[in-house]
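Chemist: What follows is the file protein_12.cif, containing mmCIF, C-alpha atoms and all ligand atoms:
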data_protein
#
loop_
_atom_site.label_atom_id
_atom_site.label_comp_id
_atom_site.auth_asym_id
_atom_site.auth_seq_id
_atom_site.Cartn_x
_atom_site.Cartn_y
_atom_site.Cartn_z
CA MET A 276 61.12 66.95 -26.74
CA ASP A 277 58.30 68.99 -25.31
CA PRO A 278 55.52 66.52 -24.56
CA MET A 279 52.94 69.12 -25.41
CA ARG A 280 54.25 69.19 -28.93
CA ARG A 281 54.24 65.45 -29.26
CA SER A 282 50.49 65.18 -28.71
CA PRO A 283 48.76 68.36 -29.67
CA SER A 284 45.77 68.98 -27.48
CA PRO A 285 42.43 68.85 -29.24
CA CYS A 286 41.73 72.24 -27.64
CA SER A 287 44.99 73.86 -28.75
CA SER A 288 44.78 77.32 -30.19
CA ARG A 289 46.60 76.29 -33.37
CA PRO A 290 44.50 76.72 -36.46
CA SER A 291 42.84 73.37 -36.98
CA SER A 292 43.43 71.36 -40.09
CA PRO A 293 40.57 71.22 -42.59
CA ARG A 294 39.88 67.62 -41.50
CA THR A 295 39.18 68.38 -37.83
CA PRO A 296 36.20 70.64 -37.28
CA PRO A 297 37.34 73.43 -34.94
CA CYS A 298 35.04 73.20 -31.91
CA LYS A 299 33.85 69.62 -32.04
CA MET A 300 36.54 68.29 -29.67
CA LEU A 301 36.48 71.26 -27.33
CA GLY A 302 36.68 70.00 -23.73
CA TYR A 303 37.93 66.56 -24.76
CA VAL A 304 40.70 65.39 -22.46
CA GLY A 305 41.09 61.78 -23.56
CA ILE A 306 40.24 60.05 -20.26
CA GLU A 307 38.65 57.14 -22.07
CA ALA A 308 42.12 56.07 -23.26
CA VAL A 309 42.76 54.83 -19.74
CA LEU A 310 40.58 51.84 -20.61
CA ASP A 311 42.99 50.88 -23.39
CA GLN A 312 45.89 51.31 -21.00
CA LEU A 313 44.22 49.04 -18.45
CA LYS A 314 43.53 46.46 -21.13
CA ILE A 315 47.12 46.47 -22.38
CA LYS A 316 48.44 46.19 -18.83
CA ALA A 317 46.02 43.38 -17.93
CA MET A 318 46.94 41.49 -21.10
CA LYS A 319 50.62 41.83 -20.21
CA MET A 320 50.15 40.75 -16.59
CA GLY A 321 47.61 38.03 -17.26
CA PHE A 322 45.01 36.92 -14.72
CA GLU A 323 45.18 34.52 -11.81
CA PHE A 324 42.18 32.46 -10.81
CA ASN A 325 42.04 29.72 -8.21
CA ILE A 326 39.17 27.33 -7.89
CA MET A 327 38.50 24.41 -5.58
CA VAL A 328 36.04 21.53 -5.82
CA VAL A 329 34.54 20.06 -2.65
CA GLY A 330 31.94 17.39 -1.93
CA GLN A 331 31.23 13.83 -1.00
CA SER A 332 33.19 11.06 -2.68
CA GLY A 333 32.21 9.96 -6.20
CA LEU A 334 30.03 12.97 -7.07
CA GLY A 335 32.07 13.84 -10.16
CA LYS A 336 34.35 16.60 -8.81
CA SER A 337 37.45 15.57 -10.76
CA THR A 338 35.35 14.97 -13.87
CA MET A 339 33.82 18.44 -13.57
CA VAL A 340 37.25 20.04 -13.48
CA TYR A 341 37.96 18.37 -16.79
CA THR A 342 34.56 19.40 -18.19
CA LEU A 343 35.14 23.01 -17.17
CA PHE A 344 38.55 23.47 -18.66
CA LYS A 345 38.52 20.74 -21.33
CA SER A 346 41.84 19.51 -22.56
CA LYS A 347 43.41 22.87 -21.69
CA MET A 348 43.75 21.59 -18.18
CA TRP A 349 44.06 18.31 -16.39
CA LYS A 350 44.57 15.90 -19.31
CA SER A 351 48.24 15.71 -18.39
CA THR A 352 47.32 14.55 -14.91
CA ILE A 353 44.87 11.86 -16.02
CA PRO A 354 46.70 8.63 -16.81
CA GLY A 355 45.86 8.02 -20.47
CA LEU A 356 42.91 8.93 -22.65
CA GLY A 357 39.71 7.01 -22.05
CA MET A 358 40.90 5.75 -18.66
CA PRO A 359 38.44 6.20 -15.78
CA THR A 360 39.12 9.17 -13.51
CA PRO A 361 41.03 7.86 -10.49
CA GLN A 362 39.68 8.48 -7.01
CA THR A 363 41.20 11.59 -5.45
CA LEU A 364 43.07 10.52 -2.34
CA LYS A 365 44.72 13.75 -1.26
CA LEU A 366 44.20 17.46 -1.68
CA GLN A 367 46.10 18.44 -4.80
CA SER A 368 46.54 21.67 -6.73
CA VAL A 369 47.46 21.88 -10.37
CA THR A 370 48.41 25.13 -12.07
CA HIS A 371 48.30 25.74 -15.80
CA VAL A 372 48.58 28.86 -17.87
CA ILE A 373 45.87 28.85 -20.49
CA GLU A 374 45.75 31.39 -23.28
CA GLU A 375 42.86 32.47 -25.48
CA LYS A 376 43.03 35.35 -27.97
CA GLY A 377 46.17 36.70 -26.32
CA VAL A 378 44.67 36.72 -22.81
CA LYS A 379 46.64 34.62 -20.35
CA LEU A 380 44.94 32.98 -17.39
CA LYS A 381 46.99 31.32 -14.70
CA LEU A 382 44.50 28.84 -13.41
CA THR A 383 44.97 26.76 -10.28
CA VAL A 384 42.50 23.99 -9.61
CA THR A 385 42.49 22.34 -6.21
CA ASP A 386 40.88 18.93 -6.24
CA THR A 387 39.97 17.52 -2.84
CA PRO A 388 39.29 13.97 -1.69
CA GLY A 389 35.62 13.22 -1.17
CA PHE A 390 34.34 13.25 2.37
CA GLY A 391 31.46 11.55 4.09
CA ASP A 392 32.70 7.96 3.68
CA GLN A 393 33.73 7.63 7.30
CA ILE A 394 31.52 6.40 10.12
CA ASN A 395 32.53 9.49 12.03
CA ASN A 396 32.51 12.53 9.74
CA ASP A 397 33.27 14.91 12.58
CA LYS A 398 35.46 17.80 11.45
CA CYS A 399 35.74 16.47 7.88
CA TRP A 400 35.84 20.15 6.87
CA ASP A 401 39.09 20.80 8.73
CA PRO A 402 41.55 19.92 5.93
CA ILE A 403 39.60 22.05 3.43
CA LEU A 404 39.26 25.08 5.71
CA GLY A 405 42.88 24.58 6.79
CA TYR A 406 44.02 24.80 3.16
CA ILE A 407 41.93 27.91 2.44
CA ASN A 408 43.24 29.71 5.53
CA GLU A 409 46.79 28.63 4.77
CA GLN A 410 46.59 30.50 1.45
CA TYR A 411 45.28 33.65 3.20
CA GLU A 412 48.14 33.36 5.67
CA ARG A 413 50.70 33.05 2.87
CA TYR A 414 49.37 36.17 1.23
CA LEU A 415 49.35 38.04 4.52
CA GLN A 416 52.93 37.07 5.35
CA GLU A 417 54.05 38.44 1.96
CA GLU A 418 51.95 41.58 2.29
CA ILE A 419 53.35 42.64 5.66
CA LEU A 420 57.00 42.36 4.62
CA ILE A 421 58.76 45.73 4.61
CA THR A 422 60.31 45.04 1.21
CA ARG A 423 57.53 43.20 -0.49
CA GLN A 424 57.21 41.90 -4.00
CA ARG A 425 55.53 44.17 -6.52
CA HIS A 426 53.20 41.38 -7.37
CA ILE A 427 52.30 39.02 -4.55
CA PRO A 428 51.62 35.53 -5.91
CA ASP A 429 47.95 34.84 -5.26
CA THR A 430 47.10 31.29 -4.23
CA ARG A 431 43.94 32.28 -2.33
CA VAL A 432 40.89 30.23 -3.30
CA HIS A 433 38.60 32.57 -5.24
CA CYS A 434 35.79 30.10 -5.62
CA CYS A 435 34.81 26.81 -4.06
CA VAL A 436 32.38 24.69 -6.06
CA TYR A 437 30.42 22.56 -3.59
CA PHE A 438 28.76 19.39 -4.91
CA VAL A 439 25.42 18.37 -3.40
CA PRO A 440 24.50 14.69 -3.90
CA PRO A 441 21.39 14.21 -6.08
CA THR A 442 19.25 12.73 -3.32
CA GLY A 443 16.17 14.65 -4.47
CA HIS A 444 15.22 15.38 -0.87
CA CYS A 445 17.00 18.31 0.80
CA LEU A 446 20.42 19.26 2.14
CA ARG A 447 21.80 16.67 4.57
CA PRO A 448 22.92 17.79 8.06
CA LEU A 449 26.54 17.16 7.03
CA ASP A 450 26.19 19.47 4.00
CA ILE A 451 24.56 22.12 6.17
CA GLU A 452 27.34 22.04 8.76
CA PHE A 453 30.02 22.04 6.07
CA LEU A 454 28.43 24.88 4.09
CA GLN A 455 27.88 27.05 7.15
CA ARG A 456 31.61 26.97 7.86
CA LEU A 457 32.72 27.25 4.24
CA CYS A 458 30.55 30.25 3.35
CA ARG A 459 32.16 32.32 6.11
CA THR A 460 35.60 31.74 4.63
CA VAL A 461 35.28 31.60 0.85
CA ASN A 462 32.89 32.17 -2.08
CA VAL A 463 30.83 29.02 -2.47
CA VAL A 464 29.05 28.11 -5.70
CA LEU A 465 26.56 25.34 -5.13
CA VAL A 466 25.78 22.63 -7.71
CA ILE A 467 23.58 19.55 -7.76
CA ALA A 468 25.99 16.82 -8.87
CA ARG A 469 25.18 13.98 -11.32
CA ALA A 470 21.94 15.72 -12.24
CA ASP A 471 21.28 13.14 -14.98
CA SER A 472 19.92 10.89 -12.25
CA LEU A 473 17.00 13.29 -11.64
CA THR A 474 14.09 14.17 -13.90
CA ILE A 475 13.55 17.83 -14.82
CA GLU A 476 10.68 18.09 -12.29
CA GLU A 477 12.74 16.42 -9.56
CA ARG A 478 15.63 18.82 -10.20
CA GLU A 479 13.32 21.83 -9.89
CA ALA A 480 11.67 20.60 -6.67
CA PHE A 481 15.09 19.68 -5.21
CA ARG A 482 16.46 23.10 -6.08
CA ARG A 483 13.56 24.88 -4.33
CA ARG A 484 14.01 22.73 -1.21
CA ILE A 485 17.74 23.46 -1.13
CA GLN A 486 17.07 27.19 -1.52
CA HIS A 487 14.68 26.96 1.43
CA ASN A 488 17.32 25.09 3.49
CA LEU A 489 19.90 27.76 2.68
CA ARG A 490 17.57 30.49 3.87
CA THR A 491 16.54 28.78 7.09
CA HIS A 492 20.14 27.92 8.02
CA CYS A 493 21.52 31.38 7.02
CA ILE A 494 23.92 29.94 4.46
CA ASP A 495 24.99 32.73 2.14
CA VAL A 496 26.29 31.17 -1.05
CA TYR A 497 27.68 33.13 -4.00
CA PRO A 498 26.47 35.54 -5.37
CA GLN A 499 25.70 37.03 -1.96
CA LYS A 500 22.81 39.51 -1.94
CA CYS A 501 24.60 41.91 0.40
CA PHE A 502 27.43 42.45 -2.09
CA ASP A 503 25.31 43.54 -5.07
CA GLU A 504 26.69 46.95 -5.83
CA ASP A 505 23.98 48.49 -7.96
CA ILE A 506 20.65 47.81 -9.59
CA ASN A 507 22.27 46.08 -12.58
CA ASP A 508 24.10 43.68 -10.26
CA ARG A 509 20.88 43.05 -8.40
CA ILE A 510 18.94 42.22 -11.55
CA LEU A 511 21.62 39.90 -12.97
CA ASN A 512 22.43 38.21 -9.66
CA SER A 513 18.77 37.71 -8.72
CA LYS A 514 18.36 35.62 -11.85
CA ILE A 515 21.42 33.57 -10.90
CA ARG A 516 20.24 33.18 -7.29
CA ASP A 517 16.95 31.84 -8.60
CA ARG A 518 18.77 29.11 -10.56
CA ILE A 519 21.20 28.13 -7.81
CA PRO A 520 22.15 25.34 -7.21
CA PHE A 521 22.85 24.53 -10.87
CA ALA A 522 21.99 20.97 -11.82
CA VAL A 523 25.14 19.84 -13.62
CA VAL A 524 26.44 16.81 -15.46
CA GLY A 525 30.14 16.21 -15.95
CA ALA A 526 31.90 14.28 -18.70
CA ASP A 527 35.41 13.70 -19.96
CA GLN A 528 34.57 11.87 -23.19
CA GLU A 529 33.81 13.38 -26.58
CA HIS A 530 31.15 11.97 -28.91
CA LEU A 531 30.02 12.68 -32.43
CA VAL A 532 26.46 14.10 -32.53
CA ASN A 533 25.08 15.23 -35.91
CA GLY A 534 28.61 15.73 -37.17
CA ARG A 535 29.63 17.80 -34.12
CA CYS A 536 32.11 16.73 -31.49
CA VAL A 537 30.49 17.17 -28.08
CA LEU A 538 31.46 16.44 -24.50
CA GLY A 539 28.86 14.16 -23.02
CA ARG A 540 27.80 10.96 -21.32
CA LYS A 541 26.72 8.08 -23.52
CA THR A 542 23.72 6.14 -22.29
CA LYS A 543 21.59 3.42 -23.91
CA TRP A 544 18.97 5.96 -24.93
CA GLY A 545 21.24 8.73 -26.19
CA ILE A 546 23.97 11.16 -25.34
CA ILE A 547 23.65 13.68 -22.51
CA GLU A 548 25.44 16.73 -23.84
CA VAL A 549 27.02 18.77 -21.06
CA GLU A 550 27.02 21.98 -23.11
CA ASN A 551 23.33 21.67 -23.98
CA LEU A 552 21.06 23.72 -21.67
CA ALA A 553 18.16 21.41 -22.50
CA HIS A 554 20.15 18.57 -20.92
CA CYS A 555 21.77 20.23 -17.89
CA GLU A 556 22.88 23.55 -16.44
CA PHE A 557 26.59 23.12 -16.87
CA PRO A 558 26.73 26.11 -19.29
CA LEU A 559 25.29 28.36 -16.54
CA LEU A 560 28.03 27.25 -14.14
CA ARG A 561 30.76 27.78 -16.74
CA ASP A 562 29.44 31.21 -17.69
CA LEU A 563 29.23 32.30 -14.05
CA LEU A 564 32.72 31.13 -13.15
CA ILE A 565 34.57 32.23 -16.23
CA ARG A 566 32.61 34.54 -18.48
CA SER A 567 30.61 36.81 -16.19
CA HIS A 568 31.81 36.70 -12.56
CA LEU A 569 35.50 35.77 -12.51
CA GLN A 570 36.66 39.25 -11.53
CA ASP A 571 33.84 39.68 -9.01
CA LEU A 572 34.80 36.38 -7.33
CA LYS A 573 38.36 37.67 -7.03
CA ASP A 574 37.23 41.05 -5.71
CA ILE A 575 35.01 39.53 -3.02
CA THR A 576 37.79 37.16 -2.02
CA HIS A 577 40.20 40.05 -1.60
CA ASN A 578 37.86 42.69 -0.15
CA VAL A 579 35.74 40.51 2.09
CA HIS A 580 37.05 37.03 2.89
CA TYR A 581 40.75 37.85 2.96
CA GLU A 582 40.06 41.15 4.68
CA ASN A 583 38.14 39.34 7.45
CA TYR A 584 41.04 36.94 7.88
CA ARG A 585 43.53 39.82 7.91
CA VAL A 586 41.57 41.80 10.50
CA CYS A 587 41.40 38.73 12.78
CA ARG A 588 45.11 38.09 12.47
CA LEU A 589 46.09 41.73 13.00
CA ASN A 590 43.85 41.88 16.04
CA GLU A 591 45.57 38.77 17.34
CA SER A 592 48.92 40.45 16.74
CA HIS A 593 47.97 43.21 19.18
CA LEU A 594 48.35 40.57 21.83
CA LEU A 595 52.01 40.11 20.85
CA PRO A 596 54.62 42.08 22.83
CA ARG A 597 55.14 45.54 21.30
CA GLY A 598 58.47 46.42 19.76
CA PRO A 599 60.06 46.91 16.39
CA GLY A 600 58.94 43.52 15.15
CA TRP A 601 55.43 43.41 16.53
CA VAL A 602 53.62 43.67 13.18
CA ASN A 603 55.60 40.76 11.90
CA LEU A 604 52.98 38.14 12.62
CA THR A 605 53.93 34.74 13.78
CA GLN A 606 52.64 31.88 11.63
CA ALA A 607 48.96 31.17 12.12
CA PRO A 608 48.06 28.24 14.32
CA ALA A 609 47.14 25.06 12.41
CA GLY A 610 43.38 25.48 12.84
CA PRO A 611 41.32 28.13 11.04
CA PRO A 612 40.92 31.41 12.97
CA ALA A 613 37.53 32.39 14.25
CA THR A 614 36.60 34.28 11.09
CA PRO A 615 33.56 36.54 11.44
CA ARG A 616 30.66 36.32 9.02
CA PRO A 617 31.48 37.89 5.67
CA SER A 618 30.73 41.56 5.74
CA LYS A 619 32.05 44.58 3.96
CA VAL A 620 34.83 45.36 6.39
CA ARG A 621 36.22 48.56 4.96
CA HIS A 622 35.25 50.59 8.04
CA GLN A 623 36.50 47.97 10.39
CA VAL A 624 39.83 47.95 8.59
CA GLN A 625 40.18 51.71 8.63
CA ASP A 626 39.33 51.86 12.31
CA ASP A 627 41.86 49.15 12.92
CA SER A 628 44.64 51.04 11.16
CA LYS A 629 43.79 54.14 13.22
CA ASP A 630 44.31 52.08 16.34
CA ASP A 631 47.62 50.93 14.94
CA GLU A 632 48.85 54.49 14.56
CA GLU A 633 48.20 55.20 18.21
CA TYR A 634 50.88 52.73 19.25
N1 LIG A 701 26.02 9.70 -14.08
C1 LIG A 701 27.01 10.55 -13.88
N2 LIG A 701 28.23 10.09 -13.56
C2 LIG A 701 29.24 10.97 -13.39
C3 LIG A 701 29.05 12.36 -13.51
N3 LIG A 701 30.24 12.97 -13.28
C4 LIG A 701 31.12 12.00 -13.04
N4 LIG A 701 30.54 10.80 -13.10
C5 LIG A 701 31.18 9.50 -12.90
O1 LIG A 701 31.29 9.27 -11.50
C6 LIG A 701 32.48 8.56 -11.21
C7 LIG A 701 33.30 9.33 -10.18
O2 LIG A 701 33.72 10.54 -10.75
P1 LIG A 701 34.93 11.41 -10.13
O3 LIG A 701 35.04 12.60 -10.97
O4 LIG A 701 36.13 10.58 -9.92
O5 LIG A 701 34.29 11.75 -8.72
P2 LIG A 701 35.00 12.50 -7.49
O6 LIG A 701 33.94 13.33 -6.85
O7 LIG A 701 36.22 13.19 -7.96
O8 LIG A 701 35.36 11.28 -6.53
P3 LIG A 701 36.46 11.26 -5.36
O9 LIG A 701 37.77 11.58 -5.98
O10 LIG A 701 36.37 9.86 -4.82
O11 LIG A 701 36.03 12.24 -4.33
C8 LIG A 701 33.20 8.39 -12.56
O12 LIG A 701 32.91 7.11 -13.04
C9 LIG A 701 32.59 9.45 -13.44
O13 LIG A 701 32.60 9.08 -14.81
C10 LIG A 701 27.73 12.83 -13.84
O14 LIG A 701 27.46 14.02 -13.95
N5 LIG A 701 26.75 11.88 -14.01
MG MG A 702 38.17 13.06 -7.43
#
Represent the structure from my file as structure tokens, please.
Ligand SMILES: Nc1nc2c(ncn2[C@@H]2O[C@H](COP(=O)(O)OP(=O)(O)OP(=O)(O)O)[C@@H](O)[C@H]2O)c(=O)[nH]1
Ligand SMILES: [Mg+2]

Modeler:
Amino acid sequence: MDPMRRSPSPCSSRPSSPRTPPCKMLGYVGIEAVLDQLKIKAMKMGFEFNIMVVGQSGLGKSTMVYTLFKSKMWKSTIPGLGMPTPQTLKLQSVTHVIEEKGVKLKLTVTDTPGFGDQINNDKCWDPILGYINEQYERYLQEEILITRQRHIPDTRVHCCVYFVPPTGHCLRPLDIEFLQRLCRTVNVVLVIARADSLTIEEREAFRRRIQHNLRTHCIDVYPQKCFDEDINDRILNSKIRDRIPFAVVGADQEHLVNGRCVLGRKTKWGIIEVENLAHCEFPLLRDLLIRSHLQDLKDITHNVHYENYRVCRLNESHLLPRGPGWVNLTQAPAGPPATPRPSKVRHQVQDDSKDDEEY
């Protein structure tokens, strides 16, 4: 059947029916329908999001994972309700598909053992950076195959939540060293852990000191100023940057407060509700990660962090002997590559591909 007949154009010369005023739709092409198509496709495909929690031992990383995704995640991995969260002894990833209103999210959470317990904390960032780079390498190896999958499974870490201990002073040298390395490789969202141990004034003063430390040590945590795309981004992200690091409290127990079931920590003088902004800033963290910036975190991971990794590896591959298989990269060495500082690398990448063609 003639497609033109199936969907008569709003501008067709046929006499219009009495219900459609003749010239009102003149010029209408129907481009906006592409949004519906994108939505239908995205709903069918679902979303992938990978998050990692990092920080010193006992700061509430595993508990926060539970708080973030409630019983939709993690409960199956915690041995029995009401049992204390066990110490995390090895880096472990758990994947769950969670569904809300027909939207599927394949969520992978990587919980990491706490660091900083050793007398010598030298290179305690190696296993974490090693894992992050390993996921980039996996993606790259799939991407460069001649016959590649239509959809490459994405295990790259889109966001790393870094827990700062609630010392009330400033960032410790270990945190500074760790963060400097991490921020070059992945999006880092900074939080003040166990914020219930600080008063409101202490939290505020601590936050300002940490912000000052970040500036003086050139640590660019998410959302990075240089990646704001327009004025709207700048306005929204400036507000977030002003509140970072979020002072959060984690909990895995529910309590009854005024007839409502709330997640919180029970103390002698009352219940600290994690969802209550008057008690802590957990809702700001949750909104940033899931409700407002999930896609942006994925975009920056792909366009900036992964791209930097890819450029480094492809440049390395130029050192390999030329021949039919030269693009087929050998596996990355165990250590992380010397990744440059995050930057929009589109030009670099294009230049690189031009070089490639010259071979
Ligand atoms: N006061 C307070 N305690 C918390 C908070 N979050 C977690 N805890 C408690 O701190 C203890 C350690 O929590 P975990 O979640 O196991 O800490 P972790 O960072 O995963 O520890 P490791 O696995 O050893 O690295 C548990 O008893 C939690 O109930 C918080 O926000 N405030
Ligand atoms: Mg843990």

Chemist: Can you list every residue of chain A that has an atom at most 9 Å from ligand LIG 701 (chain A), with its nearest atom pair and the distance in Å to one decimal, using all atoms listed in the file, ordered by chain then number, as JSON lines?

Modeler:
{"residue": "A:Val328", "atom": "CA", "partner": "A:LIG701", "partner_atom": "O6", "distance": 8.5}
{"residue": "A:Val329", "atom": "CA", "partner": "A:LIG701", "partner_atom": "O6", "distance": 8.0}
{"residue": "A:Gly330", "atom": "CA", "partner": "A:LIG701", "partner_atom": "O6", "distance": 6.7}
{"residue": "A:Gln331", "atom": "CA", "partner": "A:LIG701", "partner_atom": "O11", "distance": 6.1}
{"residue": "A:Ser332", "atom": "CA", "partner": "A:LIG701", "partner_atom": "O11", "distance": 3.5}
{"residue": "A:Gly333", "atom": "CA", "partner": "A:LIG701", "partner_atom": "O8", "distance": 3.4}
{"residue": "A:Leu334", "atom": "CA", "partner": "A:LIG701", "partner_atom": "O6", "distance": 3.9}
{"residue": "A:Gly335", "atom": "CA", "partner": "A:LIG701", "partner_atom": "O3", "distance": 3.3}
{"residue": "A:Lys336", "atom": "CA", "partner": "A:LIG701", "partner_atom": "O6", "distance": 3.8}
{"residue": "A:Ser337", "atom": "CA", "partner": "A:LIG701", "partner_atom": "O3", "distance": 3.8}
{"residue": "A:Thr338", "atom": "CA", "partner": "A:LIG701", "partner_atom": "O3", "distance": 3.8}
{"residue": "A:Met339", "atom": "CA", "partner": "A:LIG701", "partner_atom": "O3", "distance": 6.5}
{"residue": "A:Val340", "atom": "CA", "partner": "A:LIG701", "partner_atom": "O3", "distance": 8.2}
{"residue": "A:Tyr341", "atom": "CA", "partner": "A:LIG701", "partner_atom": "O3", "distance": 8.7}
{"residue": "A:Pro359", "atom": "CA", "partner": "A:LIG701", "partner_atom": "O12", "distance": 6.2}
{"residue": "A:Thr360", "atom": "CA", "partner": "A:LIG701", "partner_atom": "O4", "distance": 4.9}
{"residue": "A:Pro361", "atom": "CA", "partner": "A:LIG701", "partner_atom": "O4", "distance": 5.6}
{"residue": "A:Gln362", "atom": "CA", "partner": "A:LIG701", "partner_atom": "O9", "distance": 3.8}
{"residue": "A:Thr363", "atom": "CA", "partner": "A:LIG701", "partner_atom": "O9", "distance": 3.5}
{"residue": "A:Leu364", "atom": "CA", "partner": "A:LIG701", "partner_atom": "O9", "distance": 6.5}
{"residue": "A:Lys365", "atom": "CA", "partner": "A:LIG701", "partner_atom": "O9", "distance": 8.7}
{"residue": "A:Asp386", "atom": "CA", "partner": "A:LIG701", "partner_atom": "O7", "distance": 7.6}
{"residue": "A:Thr387", "atom": "CA", "partner": "A:LIG701", "partner_atom": "O11", "distance": 6.8}
{"residue": "A:Pro388", "atom": "CA", "partner": "A:LIG701", "partner_atom": "O11", "distance": 4.5}
{"residue": "A:Gly389", "atom": "CA", "partner": "A:LIG701", "partner_atom": "O11", "distance": 3.3}
{"residue": "A:Phe390", "atom": "CA", "partner": "A:LIG701", "partner_atom": "O11", "distance": 7.0}
{"residue": "A:Phe438", "atom": "CA", "partner": "A:LIG701", "partner_atom": "O6", "distance": 8.2}
{"residue": "A:Ala468", "atom": "CA", "partner": "A:LIG701", "partner_atom": "O14", "distance": 6.0}
{"residue": "A:Arg469", "atom": "CA", "partner": "A:LIG701", "partner_atom": "O14", "distance": 3.5}
{"residue": "A:Ala470", "atom": "CA", "partner": "A:LIG701", "partner_atom": "O14", "distance": 6.0}
{"residue": "A:Asp471", "atom": "CA", "partner": "A:LIG701", "partner_atom": "N5", "distance": 5.7}
{"residue": "A:Ser472", "atom": "CA", "partner": "A:LIG701", "partner_atom": "N1", "distance": 6.5}
{"residue": "A:Val523", "atom": "CA", "partner": "A:LIG701", "partner_atom": "O14", "distance": 6.3}
{"residue": "A:Val524", "atom": "CA", "partner": "A:LIG701", "partner_atom": "O14", "distance": 3.3}
{"residue": "A:Gly525", "atom": "CA", "partner": "A:LIG701", "partner_atom": "O14", "distance": 4.0}
{"residue": "A:Ala526", "atom": "CA", "partner": "A:LIG701", "partner_atom": "N3", "distance": 5.8}
{"residue": "A:Asp527", "atom": "CA", "partner": "A:LIG701", "partner_atom": "O13", "distance": 7.5}
{"residue": "A:Arg540", "atom": "CA", "partner": "A:LIG701", "partner_atom": "N5", "distance": 7.4}
{"residue": "A:Val549", "atom": "CA", "partner": "A:LIG701", "partner_atom": "O14", "distance": 8.6}

Chemist: Kindly indicate which residue among A:Thr385, A:Asn325, A:Asn590, A:Thr370 lies nearest to ligand MG 702 (chain A), using only C-alpha atoms and all ligand atoms for the distances.

Modeler: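 Closest residue, counting only C-alpha atoms and all ligand atoms: A:Thr385.
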
Chemist: Identify which of the residues A:Leu420, A:Val384, A:Ile510, A:Ala553 lies closest to ligand MG 702 (chain A), counting all atoms listed in the file when measuring atom-to-atom distances.

Modeler: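 The shortest atom-to-atom distance to ligand MG 702 (chain A) comes from A:Val384.
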
Chemist: Quick one: residues within 8 Å of Met318 in chain A, all atoms listed in the file counted, chain neighbours fewer than 3 positions away excluded, as a VMD selection string?

Modeler: chain A and resid 314 to 315 321 377 to 379

Chemist: Keeping C-alpha atoms, export the residues of the selection given above as a short mmCIF file (atom, residue, chain, number, x, y, z; two decimals), in the frame of the given file.

Modeler:
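Result file again-v7.cif:
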data_model
loop_
_atom_site.label_atom_id
_atom_site.label_comp_id
_atom_site.auth_asym_id
_atom_site.auth_seq_id
_atom_site.Cartn_x
_atom_site.Cartn_y
_atom_site.Cartn_z
CA LYS A 314 43.53 46.46 -21.13
CA ILE A 315 47.12 46.47 -22.38
CA GLY A 321 47.61 38.03 -17.26
CA GLY A 377 46.17 36.70 -26.32
CA VAL A 378 44.67 36.72 -22.81
CA LYS A 379 46.64 34.62 -20.35
#

Chemist: Select, counting only C-alpha atoms, all protein, DNA and RNA residues no farther than 12 Å from (54.4, 35.2, 4.1) in file coordinates, and express the selection as a count of residues only.

Modeler: 25

Chemist: In Å, how far is it from CA of Arg588 in chain A to CA of Pro498 in chain A?

Modeler: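 Between CA of Arg588 in chain A and CA of Pro498 in chain A the gap works out to 25.9 Å.
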
Chemist: To one decimal place, how far is CA of Glu476 in chain A from CA of Val464 in chain A in Å?

Modeler: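 Between CA of Glu476 in chain A and CA of Val464 in chain A the gap is 21.9 Å.
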
Chemist: As lines of an AutoDock Vina configuration file, what would the box around range 469-488 of chain A look like: edges along x, y and z, 6 Å added on every side, centre and edge lengths in Å to one decimal?

Modeler:
center_x = 17.9
center_y = 19.0
center_z = -5.7
size_x = 26.5
size_y = 28.3
size_z = 30.5

Chemist: Which residue is closest to Arg425 in chain A? Choose from A:Ile467, A:Met320, A:Leu404, A:Ile451 and count only C-alpha atoms.

Modeler: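 Under the stated criterion, the closest residue is A:Met320.
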
Chemist: What does the structure give for the distance between CA of Leu531 in chain A and CA of Ile546 in chain A, in Å to one decimal?

Modeler: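 That distance, rounded to one decimal, is 9.4 Å.
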
Chemist: In terms of the shortest atom-to-atom distance over only C-alpha atoms and all ligand atoms, which of A:Lys316, A:Gln367, A:Phe322, A:His577 is closest to ligand MG 702 (chain A)?

Modeler: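 Comparing A:Lys316, A:Gln367, A:Phe322, A:His577 against ligand MG 702 (chain A), the winner is A:Gln367.
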
Chemist: Please provide the set of residues having any atom within 12 Å of Leu559 in chain A, restricted to all atoms listed in the file, with same-chain residues fewer than 3 positions apart removed, written as a PyMOL selection string.

Modeler: chain A and resi 343+464-466+514-516+518-524+549-556+562-568

Chemist: Counting all atoms listed in the file, select every polymer residue within 8 Å of (37.6, 28.3, 2.9) as defined in the file's coordinates, and provide the selection as a list in words.

Modeler: Ile403, Leu404, Gly405, Tyr406, Ile407, Asn408, Val432, Cys435, Arg456, Leu457, Cys458, Arg459, Thr460, Val461 and Asn462 of chain A

Chemist: I need the chosen residues saved as a compact mmCIF listing (two decimals), in the frame of the given file, with C-alpha atoms.

Modeler:
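File again34.txt, as written:
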# COMPACT_ATOMS: atom_id res chain seq x y z
CA ILE A 403 39.60 22.05 3.43
CA LEU A 404 39.26 25.08 5.71
CA GLY A 405 42.88 24.58 6.79
CA TYR A 406 44.02 24.80 3.16
CA ILE A 407 41.93 27.91 2.44
CA ASN A 408 43.24 29.71 5.53
CA VAL A 432 40.89 30.23 -3.30
CA CYS A 435 34.81 26.81 -4.06
CA ARG A 456 31.61 26.97 7.86
CA LEU A 457 32.72 27.25 4.24
CA CYS A 458 30.55 30.25 3.35
CA ARG A 459 32.16 32.32 6.11
CA THR A 460 35.60 31.74 4.63
CA VAL A 461 35.28 31.60 0.85
CA ASN A 462 32.89 32.17 -2.08
